[in-house]
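Notes to accompany the following structure.
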Amino acid sequence: MVKIDNILFEKSINILKDLISFKTISGENNSSIINYCENILKKCGASSFKVFDQDKKRVNLFATLKAKKSNKFDPIILSGHTDVVPVSKGWSSDPFVAEIRDDKVFGRGSCDMKGFLACSLAFAEVFSKSSLSRDIHFSLTFDEETACIGAPLLIKELKKRNITNGICIVGEPTKIKIIDSHKGCYEYTTYFEGLAGHSSKPNDGVNAAEFASRYVGKLMKLRKELKNRQPKNSIFDPAYSTLSVGGIFGGIAHNVIADKCHVNWETRPVNKEDGIFLNHEIDKYANELLTEMKKKFSGSSIRKEIIGEIIGFDRVTNSKACEFVSSITGDNEREVVSFGTEAGLFQEIGISTVVCGPGSIEQAHKIDEFIEISEIKKCLFFLDGVKNKSIIN
């Protein structure tokens, strides 16, 4: 291994401390952390552009350090999200003030995935001072933790700018192991509106809670069908597409017919076909329920809201991205994971993609989240390998 300069290591830790201090919980304004990251990259000579949400409060950043010489080498995209999941009670220290103890950096997002961002930003100066033979891109997105809401907006802009080739390294926590596939993740909320009334005369109203319950019953039947659709030689665990109901909410009192109810649910399809099948079947059933509801009250409604649809990340036999990472780490093993990432979005527009980053997913989203110092160092070693394979000989 190449010895990592202590100044570079300390710089990574200091940047990580700064990144943790930004309370970038999904759904909230992330412009401050994006401006911070953009400033670091601009000082290194990177050009950049931003892609905003409709309210201009949440923003993606895409920055580029250009190659010193025109060439045919595939550009590299170092990709990560800036948002973190909410915190709950029970932390041993302030979750938004980084604390180092026991050779670990504690703080919300330290592992998922500000550790990777910190290393990449610290290494930007090294890249900028190297005779690069390929472009190095930095992709920073918002709201990955809420069904990848931000990344699709960035991907759309990349297509407009014809940035649709190269190698993308999504730095989610894998302990620098190669992840080359995961299921999709589709999240929905279905809203039911009926007609309120006194519970002593149930036939005078349209009970939204009862129709929602029947809807959930249909989802449970479809869950069994998904299991029966399990593809041969599936690489996942579970091997089939899953479906889960996250909550049912409605009604105001025991003696009032519920006029409103909603159901939160999600599916993790092993392939697009299962996602299409499920949505077709449940939408068809919802129309049958709505016809029945409207017979009693014409103002009844059923509305399915797409919270987010993270497409799956498919295994590719000959993957440039996986081979590139293997050439640096010396590890040829490829694994799959149960969690979702933005990898499939980059893959869909033709960019060879791999998920590989510091830290363990076992520490993500938990009280007292941390990343081991050794993982930071391991990531810097890896980025040094990226540099060595990106300089003019």
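Quick note on naming: the chains in the structure tokens go A, B, ... in the order shown, residues restart at 1 in each chain, and ligands are numbered from 1 in order of appearance.
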Checklist entry - Residues of segment 14-91 of chain A in strand (DSSP E) according to DSSP, as a PyMOL selection string? => result chain A and resi 47-52+59-65+76-81
Next on the checklist: Which residues are close to Ser360 of chain A, i.e. within 12 Å by only C-alpha atoms, leaving aside same-chain residues fewer than 3 positions away? Reply as a list in words.
Outcome noted: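 Counting only C-alpha atoms, the residues come to Gly109, Ser110, Cys111, Asp112, Met113, Gly115, Phe116, Gly171, Glu172, Pro173, Thr174, Lys175, Ile176, Lys177, Val337, Cys356, Gly357, Gln363, Ala364, His365, Lys366, Glu369, Phe370, Ile371, Glu372, Ser374, Glu375 and Ile376 of chain A.
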For the residues selected in the previous step, produce a file with N, CA and C atoms as a PDB file, in the first residue's frame.
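Okay, again.pdb is ready:
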```pdb
ATOM      1  N   GLY A 109     -24.286  10.531   9.669  1.00  0.00           N
ATOM      2  CA  GLY A 109     -23.762  10.609   8.317  1.00  0.00           C
ATOM      3  C   GLY A 109     -22.289  10.274   8.198  1.00  0.00           C
ATOM      4  N   SER A 110     -21.624  10.045   9.322  1.00  0.00           N
ATOM      5  CA  SER A 110     -20.189   9.743   9.266  1.00  0.00           C
ATOM      6  C   SER A 110     -19.913   8.541   8.386  1.00  0.00           C
ATOM      7  N   CYS A 111     -20.787   7.544   8.488  1.00  0.00           N
ATOM      8  CA  CYS A 111     -20.643   6.327   7.694  1.00  0.00           C
ATOM      9  C   CYS A 111     -21.424   6.422   6.384  1.00  0.00           C
ATOM     10  N   ASP A 112     -22.637   6.928   6.466  1.00  0.00           N
ATOM     11  CA  ASP A 112     -23.548   6.958   5.319  1.00  0.00           C
ATOM     12  C   ASP A 112     -23.962   8.388   4.994  1.00  0.00           C
ATOM     13  N   MET A 113     -23.230   9.095   4.083  1.00  0.00           N
ATOM     14  CA  MET A 113     -21.992   8.621   3.509  1.00  0.00           C
ATOM     15  C   MET A 113     -20.994   9.773   3.368  1.00  0.00           C
ATOM     16  N   GLY A 115     -18.324  10.157   5.038  1.00  0.00           N
ATOM     17  CA  GLY A 115     -16.940   9.697   5.086  1.00  0.00           C
ATOM     18  C   GLY A 115     -16.343   9.642   3.691  1.00  0.00           C
ATOM     19  N   PHE A 116     -17.083   9.075   2.753  1.00  0.00           N
ATOM     20  CA  PHE A 116     -16.625   9.007   1.363  1.00  0.00           C
ATOM     21  C   PHE A 116     -16.514  10.401   0.753  1.00  0.00           C
ATOM     22  N   GLY A 171     -20.013   5.792  -3.635  1.00  0.00           N
ATOM     23  CA  GLY A 171     -19.257   5.487  -2.414  1.00  0.00           C
ATOM     24  C   GLY A 171     -20.061   5.140  -1.190  1.00  0.00           C
ATOM     25  N   GLU A 172     -21.154   4.391  -1.346  1.00  0.00           N
ATOM     26  CA  GLU A 172     -21.912   3.917  -0.183  1.00  0.00           C
ATOM     27  C   GLU A 172     -21.021   2.988   0.650  1.00  0.00           C
ATOM     28  N   PRO A 173     -21.319   2.854   1.946  1.00  0.00           N
ATOM     29  CA  PRO A 173     -20.454   2.045   2.824  1.00  0.00           C
ATOM     30  C   PRO A 173     -20.475   0.555   2.497  1.00  0.00           C
ATOM     31  N   THR A 174     -19.354   0.053   1.957  1.00  0.00           N
ATOM     32  CA  THR A 174     -19.222  -1.373   1.615  1.00  0.00           C
ATOM     33  C   THR A 174     -17.914  -1.944   2.138  1.00  0.00           C
ATOM     34  N   LYS A 175     -17.179  -1.158   2.925  1.00  0.00           N
ATOM     35  CA  LYS A 175     -15.843  -1.545   3.410  1.00  0.00           C
ATOM     36  C   LYS A 175     -14.887  -1.750   2.231  1.00  0.00           C
ATOM     37  N   ILE A 176     -15.089  -0.930   1.183  1.00  0.00           N
ATOM     38  CA  ILE A 176     -14.302  -0.961  -0.056  1.00  0.00           C
ATOM     39  C   ILE A 176     -14.421  -2.321  -0.748  1.00  0.00           C
ATOM     40  N   LYS A 177     -15.543  -2.975  -0.551  1.00  0.00           N
ATOM     41  CA  LYS A 177     -15.854  -4.198  -1.286  1.00  0.00           C
ATOM     42  C   LYS A 177     -16.690  -3.831  -2.512  1.00  0.00           C
ATOM     43  N   VAL A 337     -26.296  -6.407  -2.301  1.00  0.00           N
ATOM     44  CA  VAL A 337     -26.771  -5.858  -1.031  1.00  0.00           C
ATOM     45  C   VAL A 337     -28.288  -5.734  -1.059  1.00  0.00           C
ATOM     46  N   CYS A 356     -18.998   1.134  -4.096  1.00  0.00           N
ATOM     47  CA  CYS A 356     -17.791   0.810  -3.341  1.00  0.00           C
ATOM     48  C   CYS A 356     -17.367   2.024  -2.524  1.00  0.00           C
ATOM     49  N   GLY A 357     -17.345   1.889  -1.207  1.00  0.00           N
ATOM     50  CA  GLY A 357     -16.969   3.013  -0.377  1.00  0.00           C
ATOM     51  C   GLY A 357     -16.567   2.575   1.019  1.00  0.00           C
ATOM     52  N   GLN A 363     -23.347   0.138  10.460  1.00  0.00           N
ATOM     53  CA  GLN A 363     -23.351   1.321  11.325  1.00  0.00           C
ATOM     54  C   GLN A 363     -24.300   2.414  10.822  1.00  0.00           C
ATOM     55  N   ALA A 364     -24.810   2.269   9.616  1.00  0.00           N
ATOM     56  CA  ALA A 364     -25.653   3.304   9.019  1.00  0.00           C
ATOM     57  C   ALA A 364     -27.027   3.368   9.688  1.00  0.00           C
ATOM     58  N   HIS A 365     -27.569   4.584   9.782  1.00  0.00           N
ATOM     59  CA  HIS A 365     -28.936   4.839  10.262  1.00  0.00           C
ATOM     60  C   HIS A 365     -29.132   4.494  11.738  1.00  0.00           C
ATOM     61  N   LYS A 366     -28.069   4.278  12.473  1.00  0.00           N
ATOM     62  CA  LYS A 366     -28.201   3.858  13.863  1.00  0.00           C
ATOM     63  C   LYS A 366     -27.836   4.970  14.838  1.00  0.00           C
ATOM     64  N   GLU A 369     -23.977   6.463  15.212  1.00  0.00           N
ATOM     65  CA  GLU A 369     -23.376   6.070  13.927  1.00  0.00           C
ATOM     66  C   GLU A 369     -21.908   6.475  13.910  1.00  0.00           C
ATOM     67  N   PHE A 370     -21.085   5.610  13.325  1.00  0.00           N
ATOM     68  CA  PHE A 370     -19.656   5.934  13.264  1.00  0.00           C
ATOM     69  C   PHE A 370     -19.018   5.331  12.023  1.00  0.00           C
ATOM     70  N   ILE A 371     -17.822   5.834  11.711  1.00  0.00           N
ATOM     71  CA  ILE A 371     -16.955   5.223  10.714  1.00  0.00           C
ATOM     72  C   ILE A 371     -15.592   5.039  11.356  1.00  0.00           C
ATOM     73  N   GLU A 372     -14.999   3.901  11.140  1.00  0.00           N
ATOM     74  CA  GLU A 372     -13.685   3.627  11.709  1.00  0.00           C
ATOM     75  C   GLU A 372     -12.614   4.439  10.984  1.00  0.00           C
ATOM     76  N   SER A 374      -9.731   3.565  10.323  1.00  0.00           N
ATOM     77  CA  SER A 374      -9.058   2.688   9.362  1.00  0.00           C
ATOM     78  C   SER A 374      -9.765   2.679   8.013  1.00  0.00           C
ATOM     79  N   GLU A 375     -11.094   2.883   8.029  1.00  0.00           N
ATOM     80  CA  GLU A 375     -11.849   2.920   6.782  1.00  0.00           C
ATOM     81  C   GLU A 375     -11.575   4.211   6.003  1.00  0.00           C
ATOM     82  N   ILE A 376     -11.377   5.310   6.730  1.00  0.00           N
ATOM     83  CA  ILE A 376     -10.998   6.571   6.086  1.00  0.00           C
ATOM     84  C   ILE A 376      -9.657   6.396   5.378  1.00  0.00           C
TER      85      ILE A 376
END
```
Next on the checklist: Just to confirm, what's the straight-line distance from atom CA of Ser47 of chain A to atom CA of Asn162 of chain A in Å (one decimal)?
Outcome noted: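 Spanning atom CA of Ser47 of chain A to atom CA of Asn162 of chain A is a straight-line distance of 16.1 Å.
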Item to check | Lys272 of chain A surroundings by only C-alpha atoms, 12 Å radius, close-in-sequence under 4 positions cut, as a VMD selection string | outcome: chain A and resid 183 to 186 241 267 to 268 276 to 279 309 to 314 344
Item to check | atom CA of Lys50 of chain A to atom CA of Asn388 of chain A, straight-line distance in Å | outcome: 28.8 Å
Next on the checklist: So that I can check the surroundings of Leu41 of chain A, please list as a ChimeraX atom specification every protein, DNA and RNA residue that reaches within 9 Å of it, counting only C-alpha atoms and ignoring chain neighbours fewer than 3 positions away.
Outcome noted: /A:36-38,44-48,63-65,121,124-125,138
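The environment of Gly80 of chain A within 7 Å, counting only C-alpha atoms and disregarding residues fewer than 3 places along the same chain, consists of Met113, Leu117, Ser139, Leu140, Thr141, Val170 and Gly171 of chain A.
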Checklist entry - Just asking: which residues within segment 247-379 of chain A are helix (DSSP H, G or I) according to DSSP, as a PyMOL selection string? => result chain A and resi 272-296+320-329+343-348+361-363+373-379
Item to check | Non-local contacts of Lys284 of chain A (12 Å; only C-alpha atoms; under 6 positions in same chain excluded) as JSON, numbers by chain | outcome: {"A": [215, 218, 219, 277, 278, 290, 291, 302, 304]}
Checklist entry - Neighbours of Lys11 of chain A within 10 Å (only C-alpha atoms; same-chain residues fewer than 6 positions away dropped), as a PyMOL selection string? => result chain A and resi 5+17+118-119+121-123
Could you dump the residues just selected with N, CA and C atoms as an mmCIF file, in the first residue's frame?
```cif
data_model
loop_
_atom_site.group_PDB
_atom_site.id
_atom_site.type_symbol
_atom_site.label_atom_id
_atom_site.label_comp_id
_atom_site.auth_asym_id
_atom_site.auth_seq_id
_atom_site.Cartn_x
_atom_site.Cartn_y
_atom_site.Cartn_z
ATOM 1 N N ASP A 5 -0.177 10.514 3.095
ATOM 2 C CA ASP A 5 0.380 11.660 3.795
ATOM 3 C C ASP A 5 -0.506 12.034 4.973
ATOM 4 N N LYS A 17 -15.572 16.389 9.739
ATOM 5 C CA LYS A 17 -16.165 17.101 10.877
ATOM 6 C C LYS A 17 -17.085 18.218 10.395
ATOM 7 N N ALA A 118 -15.941 13.203 2.287
ATOM 8 C CA ALA A 118 -14.790 13.889 2.888
ATOM 9 C C ALA A 118 -13.488 13.460 2.229
ATOM 10 N N CYS A 119 -13.335 12.166 2.022
ATOM 11 C CA CYS A 119 -12.114 11.653 1.383
ATOM 12 C C CYS A 119 -11.993 12.169 -0.048
ATOM 13 N N LEU A 121 -13.337 14.895 -1.374
ATOM 14 C CA LEU A 121 -13.072 16.336 -1.384
ATOM 15 C C LEU A 121 -11.630 16.632 -0.985
ATOM 16 N N ALA A 122 -11.126 15.894 -0.003
ATOM 17 C CA ALA A 122 -9.732 16.084 0.421
ATOM 18 C C ALA A 122 -8.772 15.708 -0.703
ATOM 19 N N PHE A 123 -9.137 14.696 -1.460
ATOM 20 C CA PHE A 123 -8.257 14.205 -2.524
ATOM 21 C C PHE A 123 -8.336 15.058 -3.787
#
```
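Nearest residue to Leu243 of chain A among A:Lys387, A:Arg229, A:Arg223, A:Lys104 is A:Arg223, counting only C-alpha atoms.
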Checklist entry - For Gly217 of chain A, which residue out of A:Tyr191, A:Ala286, A:Gly340, A:Pro202 is the nearest one, using only C-alpha atoms? => result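 Among the listed residues, the smallest separation from Gly217 of chain A belongs to A:Ala286.
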Checklist entry - Interatomic distance between atom CA of Lys23 of chain A and atom CA of Gly150 of chain A? => result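 Answer for the atom CA of Lys23 of chain A to atom CA of Gly150 of chain A separation: 17.0 Å.
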